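File shown: work39.cif (mmCIF, C-alpha atoms).
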```
data_data
loop_
_atom_site.group_PDB
_atom_site.id
_atom_site.type_symbol
_atom_site.label_atom_id
_atom_site.label_comp_id
_atom_site.auth_asym_id
_atom_site.auth_seq_id
_atom_site.Cartn_x
_atom_site.Cartn_y
_atom_site.Cartn_z
ATOM 1 C CA MET L 226 -50.476 35.964 48.342
ATOM 2 C CA VAL L 227 -47.241 37.822 47.615
ATOM 3 C CA MET L 228 -47.264 41.614 47.632
ATOM 4 C CA GLN L 229 -44.699 44.147 46.528
ATOM 5 C CA ARG L 230 -43.868 47.385 48.305
ATOM 6 C CA SER L 231 -45.741 49.442 45.704
ATOM 7 C CA ASP L 232 -48.886 47.296 46.096
ATOM 8 C CA ILE L 233 -48.884 47.807 49.868
ATOM 9 C CA ILE L 234 -48.461 51.565 49.595
ATOM 10 C CA ALA L 235 -51.244 51.837 47.025
ATOM 11 C CA ARG L 236 -53.774 49.754 48.949
ATOM 12 C CA LEU L 237 -53.124 51.387 52.303
ATOM 13 C CA ALA L 238 -53.185 54.876 50.798
ATOM 14 C CA ALA L 239 -56.466 54.205 49.003
ATOM 15 C CA ALA L 240 -58.434 53.499 52.163
ATOM 16 C CA ALA L 241 -59.210 55.403 55.338
ATOM 17 C CA PRO L 242 -59.610 53.969 58.863
ATOM 18 C CA GLY L 243 -63.092 52.625 59.378
ATOM 19 C CA ARG L 244 -63.573 52.123 55.640
ATOM 20 C CA ARG L 245 -60.744 49.696 54.978
ATOM 21 C CA GLY L 246 -61.193 46.432 53.135
ATOM 22 C CA ASN L 247 -64.038 44.168 54.206
ATOM 23 C CA PRO L 248 -65.752 44.168 57.600
ATOM 24 C CA LEU L 249 -64.591 41.676 60.182
ATOM 25 C CA ALA L 250 -65.672 38.187 59.253
ATOM 26 C CA PRO L 251 -68.883 37.154 61.052
ATOM 27 C CA PRO L 252 -68.178 35.145 64.205
ATOM 28 C CA PRO L 253 -68.788 31.372 64.054
ATOM 29 C CA ALA L 254 -72.318 30.235 64.806
ATOM 30 C CA THR L 255 -71.278 29.259 68.338
ATOM 31 C CA LEU L 256 -70.528 32.896 69.204
ATOM 32 C CA PRO L 257 -73.179 35.321 70.455
ATOM 33 C CA ALA L 258 -74.367 37.943 67.976
ATOM 34 C CA ALA L 259 -72.387 41.166 68.076
ATOM 35 C CA GLU L 260 -73.864 44.304 69.600
ATOM 36 C CA PRO L 261 -73.367 47.740 68.075
ATOM 37 C CA SER L 262 -70.280 49.282 69.636
ATOM 38 C CA VAL L 263 -70.315 52.799 71.027
ATOM 39 C CA GLU L 264 -67.405 55.099 70.323
ATOM 40 C CA GLU L 265 -66.028 56.583 73.540
ATOM 41 C CA GLU L 266 -62.718 57.930 72.389
ATOM 42 C CA GLY L 267 -60.699 59.941 74.865
ATOM 43 C CA PRO L 268 -58.607 62.940 73.857
ATOM 44 C CA LEU L 269 -55.899 62.347 71.267
ATOM 45 C CA PRO L 270 -52.916 64.540 70.413
ATOM 46 C CA SER L 271 -54.079 67.422 68.226
ATOM 47 C CA SER L 272 -52.705 66.206 64.888
ATOM 48 C CA ASP L 273 -54.575 62.896 65.280
ATOM 49 C CA ALA L 274 -57.887 64.411 66.405
ATOM 50 C CA ARG L 275 -59.345 65.021 62.942
ATOM 51 C CA VAL L 276 -58.564 61.593 61.527
ATOM 52 C CA ALA L 277 -59.735 59.862 64.722
ATOM 53 C CA LYS L 278 -63.267 61.188 64.248
ATOM 54 C CA SER L 279 -63.654 59.165 61.071
ATOM 55 C CA ALA L 280 -61.510 56.241 62.156
ATOM 56 C CA GLY L 281 -62.925 52.803 62.691
ATOM 57 C CA GLN L 282 -62.659 51.299 66.133
ATOM 58 C CA ARG L 283 -62.064 47.633 66.806
ATOM 59 C CA GLY L 284 -61.353 45.743 69.969
ATOM 60 C CA ASP L 285 -61.720 42.673 72.121
ATOM 61 C CA HIS L 286 -65.465 43.393 72.116
ATOM 62 C CA ASP L 287 -65.708 42.518 68.390
ATOM 63 C CA LEU L 288 -66.003 38.835 69.259
ATOM 64 C CA ASN L 289 -67.174 39.393 72.830
ATOM 65 C CA PRO L 290 -70.155 41.764 73.007
ATOM 66 C CA GLY L 291 -70.102 43.903 76.120
ATOM 67 C CA MET L 292 -66.450 43.283 76.895
ATOM 68 C CA HIS L 293 -65.354 46.906 77.088
ATOM 69 C CA PRO L 294 -62.590 48.254 79.349
ATOM 70 C CA GLU L 295 -63.684 48.792 82.947
ATOM 71 C CA ARG L 296 -61.026 51.412 83.602
ATOM 72 C CA ALA L 297 -60.204 54.750 81.984
ATOM 73 C CA ARG L 298 -58.648 54.345 78.574
ATOM 74 C CA THR L 299 -54.960 55.005 78.050
ATOM 75 C CA GLN L 300 -53.891 56.380 74.673
ATOM 76 C CA ALA L 301 -51.204 54.221 73.051
ATOM 77 C CA ALA L 302 -49.615 53.652 69.656
ATOM 78 C CA VAL L 303 -47.799 50.796 67.958
ATOM 79 C CA LEU L 304 -45.687 50.497 64.855
ATOM 80 C CA VAL L 305 -46.592 47.709 62.437
ATOM 81 C CA PRO L 306 -43.171 47.299 60.759
ATOM 82 C CA LEU L 307 -43.134 45.673 57.317
ATOM 83 C CA ILE L 308 -39.548 44.850 56.370
ATOM 84 C CA ASP L 309 -38.785 44.845 52.669
ATOM 85 C CA ARG L 310 -36.561 41.729 52.529
ATOM 86 C CA PRO L 311 -35.144 40.432 49.216
ATOM 87 C CA ASN L 312 -37.170 37.218 49.555
ATOM 88 C CA GLY L 313 -40.404 38.971 50.432
ATOM 89 C CA ILE L 314 -41.889 41.399 52.910
ATOM 90 C CA THR L 315 -41.965 40.306 56.543
ATOM 91 C CA VAL L 316 -43.781 41.580 59.639
ATOM 92 C CA LEU L 317 -41.597 42.424 62.628
ATOM 93 C CA LEU L 318 -43.012 41.264 65.957
ATOM 94 C CA THR L 319 -41.740 41.255 69.519
ATOM 95 C CA LYS L 320 -42.323 39.086 72.550
ATOM 96 C CA ARG L 321 -42.906 41.234 75.606
ATOM 97 C CA ALA L 322 -40.843 40.762 78.768
ATOM 98 C CA GLU L 323 -42.388 38.456 81.370
ATOM 99 C CA HIS L 324 -42.267 40.976 84.230
ATOM 100 C CA LEU L 325 -44.447 43.648 82.589
ATOM 101 C CA ASN L 326 -47.771 44.547 84.211
ATOM 102 C CA ASP L 327 -49.841 44.409 81.014
ATOM 103 C CA HIS L 328 -49.740 41.664 78.374
ATOM 104 C CA ALA L 329 -46.569 40.117 79.834
ATOM 105 C CA GLY L 330 -44.923 37.501 77.625
ATOM 106 C CA GLN L 331 -47.321 38.109 74.743
ATOM 107 C CA VAL L 332 -46.452 38.711 71.118
ATOM 108 C CA SER L 333 -46.918 42.357 70.177
ATOM 109 C CA PHE L 334 -45.807 45.188 67.950
ATOM 110 C CA PRO L 335 -43.253 47.732 69.177
ATOM 111 C CA GLY L 336 -45.205 50.447 70.945
ATOM 112 C CA GLY L 337 -46.596 51.844 74.147
ATOM 113 C CA ARG L 338 -48.270 54.824 75.785
ATOM 114 C CA ILE L 339 -48.417 58.167 74.026
ATOM 115 C CA ASP L 340 -46.309 60.527 76.137
ATOM 116 C CA PRO L 341 -47.063 64.247 76.601
ATOM 117 C CA GLY L 342 -43.898 65.043 74.629
ATOM 118 C CA ASP L 343 -44.988 63.029 71.583
ATOM 119 C CA ARG L 344 -46.233 65.135 68.673
ATOM 120 C CA ASP L 345 -48.877 62.520 67.807
ATOM 121 C CA ALA L 346 -49.496 58.774 67.716
ATOM 122 C CA ALA L 347 -47.159 58.296 64.760
ATOM 123 C CA ALA L 348 -44.316 59.976 66.638
ATOM 124 C CA ALA L 349 -45.040 57.830 69.689
ATOM 125 C CA ALA L 350 -44.941 54.630 67.620
ATOM 126 C CA LEU L 351 -41.570 55.555 66.098
ATOM 127 C CA ARG L 352 -40.137 56.555 69.485
ATOM 128 C CA GLU L 353 -41.259 53.331 71.133
ATOM 129 C CA ALA L 354 -39.828 51.207 68.310
ATOM 130 C CA GLN L 355 -36.508 52.965 68.655
ATOM 131 C CA GLU L 356 -36.481 52.519 72.437
ATOM 132 C CA GLU L 357 -37.594 48.890 72.420
ATOM 133 C CA VAL L 358 -35.645 47.396 69.513
ATOM 134 C CA ALA L 359 -33.380 50.277 68.348
ATOM 135 C CA LEU L 360 -35.229 50.631 65.035
ATOM 136 C CA ASP L 361 -33.930 53.826 63.435
ATOM 137 C CA PRO L 362 -36.897 56.100 62.507
ATOM 138 C CA ALA L 363 -34.972 57.137 59.391
ATOM 139 C CA LYS L 364 -35.379 53.556 58.138
ATOM 140 C CA VAL L 365 -39.179 53.716 58.456
ATOM 141 C CA ASP L 366 -41.531 55.053 55.816
ATOM 142 C CA LEU L 367 -44.886 55.564 57.535
ATOM 143 C CA VAL L 368 -47.627 54.604 55.077
ATOM 144 C CA ALA L 369 -50.990 54.769 56.868
ATOM 145 C CA ARG L 370 -52.776 54.077 60.111
ATOM 146 C CA LEU L 371 -55.102 51.167 60.725
ATOM 147 C CA ASP L 372 -58.293 51.197 62.794
ATOM 148 C CA THR L 373 -58.030 52.131 66.458
ATOM 149 C CA TYR L 374 -57.983 49.033 68.671
ATOM 150 C CA VAL L 375 -59.423 49.033 72.204
ATOM 151 C CA THR L 376 -58.147 46.349 74.574
ATOM 152 C CA ARG L 377 -59.898 44.839 77.556
ATOM 153 C CA THR L 378 -57.068 46.156 79.718
ATOM 154 C CA GLY L 379 -57.982 49.736 78.856
ATOM 155 C CA PHE L 380 -55.581 50.724 76.088
ATOM 156 C CA GLU L 381 -56.842 52.602 73.032
ATOM 157 C CA VAL L 382 -54.188 51.789 70.461
ATOM 158 C CA THR L 383 -53.444 53.595 67.202
ATOM 159 C CA PRO L 384 -51.508 51.273 64.830
ATOM 160 C CA TRP L 385 -49.261 52.878 62.217
ATOM 161 C CA VAL L 386 -47.944 50.774 59.321
ATOM 162 C CA GLY L 387 -44.350 51.520 58.362
ATOM 163 C CA LEU L 388 -42.248 50.078 55.552
ATOM 164 C CA VAL L 389 -38.714 49.387 56.756
ATOM 165 C CA THR L 390 -35.738 49.451 54.424
ATOM 166 C CA PRO L 391 -32.875 47.037 55.250
ATOM 167 C CA PRO L 392 -30.228 46.731 56.400
ATOM 168 C CA VAL L 393 -31.482 46.958 59.962
ATOM 169 C CA ALA L 394 -29.922 45.739 63.191
ATOM 170 C CA PHE L 395 -32.027 45.295 66.305
ATOM 171 C CA ARG L 396 -30.904 45.835 69.881
ATOM 172 C CA LEU L 397 -33.490 44.860 72.484
ATOM 173 C CA ASP L 398 -34.344 46.723 75.667
ATOM 174 C CA PRO L 399 -34.507 43.819 78.167
ATOM 175 C CA LEU L 400 -36.878 45.788 80.400
ATOM 176 C CA GLU L 401 -39.479 45.763 77.615
ATOM 177 C CA VAL L 402 -38.693 43.057 75.068
ATOM 178 C CA ALA L 403 -37.628 39.428 75.453
ATOM 179 C CA GLU L 404 -37.403 38.516 71.764
ATOM 180 C CA VAL L 405 -37.837 39.905 68.262
ATOM 181 C CA PHE L 406 -38.788 37.828 65.210
ATOM 182 C CA GLU L 407 -40.180 38.152 61.682
ATOM 183 C CA VAL L 408 -43.072 36.413 59.959
ATOM 184 C CA PRO L 409 -43.704 36.534 56.192
ATOM 185 C CA LEU L 410 -46.500 38.957 55.369
ATOM 186 C CA ALA L 411 -47.919 36.326 53.002
ATOM 187 C CA PHE L 412 -48.748 34.146 56.028
ATOM 188 C CA PHE L 413 -51.124 36.769 57.432
ATOM 189 C CA LEU L 414 -52.657 37.438 54.022
ATOM 190 C CA ASP L 415 -53.744 33.810 53.714
ATOM 191 C CA PRO L 416 -57.280 33.587 55.212
ATOM 192 C CA VAL L 417 -56.561 30.027 56.341
ATOM 193 C CA SER L 418 -53.903 31.286 58.770
ATOM 194 C CA ARG L 419 -56.373 33.026 61.070
ATOM 195 C CA LYS L 420 -58.070 30.849 63.681
ATOM 196 C CA THR L 421 -60.748 31.619 66.277
ATOM 197 C CA GLU L 422 -60.177 30.177 69.736
ATOM 198 C CA SER L 423 -61.614 30.689 73.208
ATOM 199 C CA ARG L 424 -60.768 30.492 76.885
ATOM 200 C CA VAL L 425 -62.760 30.856 80.064
ATOM 201 C CA TRP L 426 -61.858 34.174 81.704
ATOM 202 C CA GLN L 427 -63.499 35.308 84.953
ATOM 203 C CA GLY L 428 -66.171 32.668 84.522
ATOM 204 C CA ARG L 429 -67.008 33.698 80.973
ATOM 205 C CA GLN L 430 -66.002 32.211 77.650
ATOM 206 C CA ARG L 431 -63.888 34.725 75.747
ATOM 207 C CA PHE L 432 -63.282 34.431 71.987
ATOM 208 C CA PHE L 433 -60.259 35.795 70.146
ATOM 209 C CA TYR L 434 -58.313 35.528 66.914
ATOM 210 C CA VAL L 435 -55.081 33.542 66.709
ATOM 211 C CA TYR L 436 -52.336 33.276 64.110
ATOM 212 C CA PRO L 437 -50.353 30.152 65.099
ATOM 213 C CA TRP L 438 -46.706 30.464 64.101
ATOM 214 C CA PRO L 439 -43.958 27.947 65.012
ATOM 215 C CA ASN L 440 -42.833 28.593 68.594
ATOM 216 C CA TYR L 441 -45.091 31.652 68.930
ATOM 217 C CA TYR L 442 -48.761 32.208 69.777
ATOM 218 C CA ILE L 443 -49.975 35.411 68.114
ATOM 219 C CA TRP L 444 -53.359 36.333 69.551
ATOM 220 C CA GLY L 445 -55.495 39.055 71.122
ATOM 221 C CA ALA L 446 -54.975 42.685 70.137
ATOM 222 C CA THR L 447 -51.984 41.894 67.946
ATOM 223 C CA ALA L 448 -53.972 39.303 65.999
ATOM 224 C CA GLY L 449 -56.843 41.761 65.708
ATOM 225 C CA MET L 450 -54.601 44.432 64.196
ATOM 226 C CA LEU L 451 -53.000 41.897 61.850
ATOM 227 C CA SER L 452 -56.485 40.877 60.756
ATOM 228 C CA ASN L 453 -57.264 44.522 59.988
ATOM 229 C CA LEU L 454 -54.056 44.817 57.971
ATOM 230 C CA ALA L 455 -54.789 41.634 56.025
ATOM 231 C CA GLU L 456 -58.318 42.771 55.158
ATOM 232 C CA VAL L 457 -56.999 46.041 53.765
ATOM 233 C CA LEU L 458 -54.229 44.465 51.713
ATOM 234 C CA ARG L 459 -56.412 41.673 50.327
ATOM 235 C CA GLY L 460 -58.933 44.309 49.240
#
```

Show me this structure written as structure tokens.
Amino acid sequence: MVMQRSDIIARLAAAAPGRRGNPLAPPPATLPAAEPSVEEEGPLPSSDARVAKSAGQRGDHDLNPGMHPERARTQAAVLVPLIDRPNGITVLLTKRAEHLNDHAGQVSFPGGRIDPGDRDAAAAALREAQEEVALDPAKVDLVARLDTYVTRTGFEVTPWVGLVTPPVAFRLDPLEVAEVFEVPLAFFLDPVSRKTESRVWQGRQRFFYVYPWPNYYIWGATAGMLSNLAEVLRG
């Protein structure tokens, strides 16, 4: 499925968080039935508070009932950069540095904690992208936010989709990012690309989404947010 910039803007603008696209696909028969999730959102910066009330909330618990964070939630934001390349739109992803405390070595979007000085989650996402990969905020056209994503490690993440206009040159912060790479958006829009896998974690089988890409293993929260994006854009 190939999409143009105008198609992406129209489909994202037409939907609101929590009412985007189709619900998450039902888990395979081997998974336990999902429980209703309870919204326990902590305080958000003022300009995000109104939209957060109606926003959908996803998380690791979607495929793993009862797997909610055991520690206080930390507000965070990520930028989902869609680069408008001549041969098609791509998704910019990073591989986190191996020495980080949370999600070390995993594929992610540029982003991090919302700082007290950030105006809102969107501002935090742009700041983090600039700090991590030197993405100039002036090159980013923020289109819409996706559903809030809650991770097992206690982060409550607000994803903002931004269309990026080339040319762009990336410079990585080695303290945060080990690599940066791009994947065609069409790959994530193909339902066949998304897999469901599992691992035993703390004596319990944990299920999660995976988008296998050559030399990279895209899973967990990042795969969950990509799944949200794909559902919206497929309509």

### Task
Have a look at CA of Val303 in chain L and CA of Ala240 in chain L and let me know their distance in Å, one decimal.
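A separation of 19.2 Å between them.
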
### Task
Go ahead and find all residues with at least one atom no further than 10 Å from (-34.1, 47.2, 49.2) in the file's coordinates, using all atoms listed in the file; report them as a list in words.
Arg230, Ile308, Asp309, Arg310, Pro311, Val389, Thr390, Pro391 and Pro392 of chain L

### Query
Using all atoms listed in the file, which of L:Leu367, L:Ala411, L:Leu318, L:Ala359 sits nearest Ile443 in chain L?
L:Leu318

### Task
Grab the CA of Arg459 in chain L to CA of Ser423 in chain L distance for me, in Å with one decimal place.
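Result for CA of Arg459 in chain L versus CA of Ser423 in chain L: 25.9 Å, one decimal.
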
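Going from CA of Ala301 in chain L to CA of Thr378 in chain L covers 12.0 Å.
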
Do a neighbour search on Glu356 in chain L at 10 Å with all atoms listed in the file, toss out local chain neighbours closer than 2 positions, and write the hits as a PDB file with C-alpha atoms, in the frame of the given file.
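Okay, this is what ended up in part.pdb:
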```pdb
ATOM      1  CA  PRO L 335     -43.253  47.732  69.177  1.00  0.00           C
ATOM      2  CA  GLY L 336     -45.205  50.447  70.945  1.00  0.00           C
ATOM      3  CA  ALA L 350     -44.941  54.630  67.620  1.00  0.00           C
ATOM      4  CA  LEU L 351     -41.570  55.555  66.098  1.00  0.00           C
ATOM      5  CA  ARG L 352     -40.137  56.555  69.485  1.00  0.00           C
ATOM      6  CA  GLU L 353     -41.259  53.331  71.133  1.00  0.00           C
ATOM      7  CA  ALA L 354     -39.828  51.207  68.310  1.00  0.00           C
ATOM      8  CA  VAL L 358     -35.645  47.396  69.513  1.00  0.00           C
ATOM      9  CA  ALA L 359     -33.380  50.277  68.348  1.00  0.00           C
ATOM     10  CA  LEU L 360     -35.229  50.631  65.035  1.00  0.00           C
ATOM     11  CA  ASP L 361     -33.930  53.826  63.435  1.00  0.00           C
ATOM     12  CA  ARG L 396     -30.904  45.835  69.881  1.00  0.00           C
ATOM     13  CA  LEU L 397     -33.490  44.860  72.484  1.00  0.00           C
ATOM     14  CA  ASP L 398     -34.344  46.723  75.667  1.00  0.00           C
ATOM     15  CA  GLU L 401     -39.479  45.763  77.615  1.00  0.00           C
TER      16      GLU L 401
END
```

### Message
Would you pick out the contacts of Asp415 in chain L at 12 Å or less, using only C-alpha atoms, so that residues sharing its chain but fewer than 5 positions from it are not included, and give the list as a PyMOL selection string?
### Response
chain L and resi 226-228+409-410+420+436+451-452+454-456+458-459

### Task
Can you work out which one of L:Gly445, L:Pro242, L:Gln229, L:Ala235 has the shortest atom-to-atom distance to Arg424 in chain L, counting only C-alpha atoms?
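Selected residue with least distance to Arg424 in chain L: L:Gly445.
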
#### Entry: Residue contacts of Leu237 in chain L (9 Å, all atoms listed in the file) excluding same-chain residues fewer than 5 positions away, as a VMD selection string
chain L and resid 232 245 368 to 371 386 454 457 to 458

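Put simply, the PyMOL selection byres ((chain L and resi 377) around 8) on this file hits Gly284, Asp285, His286, Met292, His293, Pro294, Glu295, Val375, Thr376, Thr378, Gly379 and Phe380 of chain L.
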
#### Entry: Result set of the PyMOL selection byres ((chain L and resi 437) around 12) on the coordinates above, as a ChimeraX atom specification
/L:332,408,412-413,417-422,434-436,438-445,448

### Task
Name the residues captured by the PyMOL selection byres ((chain L and resi 348) around 12) when it is applied to the shown file; answer as a VMD selection string.
chain L and resid 270 272 to 273 301 to 304 336 to 347 349 to 355 362 365 367 383 to 385 387

### Summary
Closest of L:Asp287, L:Thr319, L:Ile233, L:Leu400 to Gln331 in chain L, counting all atoms listed in the file, is L:Thr319

### Task
Go through L:Ala394, L:Ile234, L:Ala322, L:Leu388 and flag the residue nearest Leu307 in chain L, using only C-alpha atoms for the distances.
L:Leu388
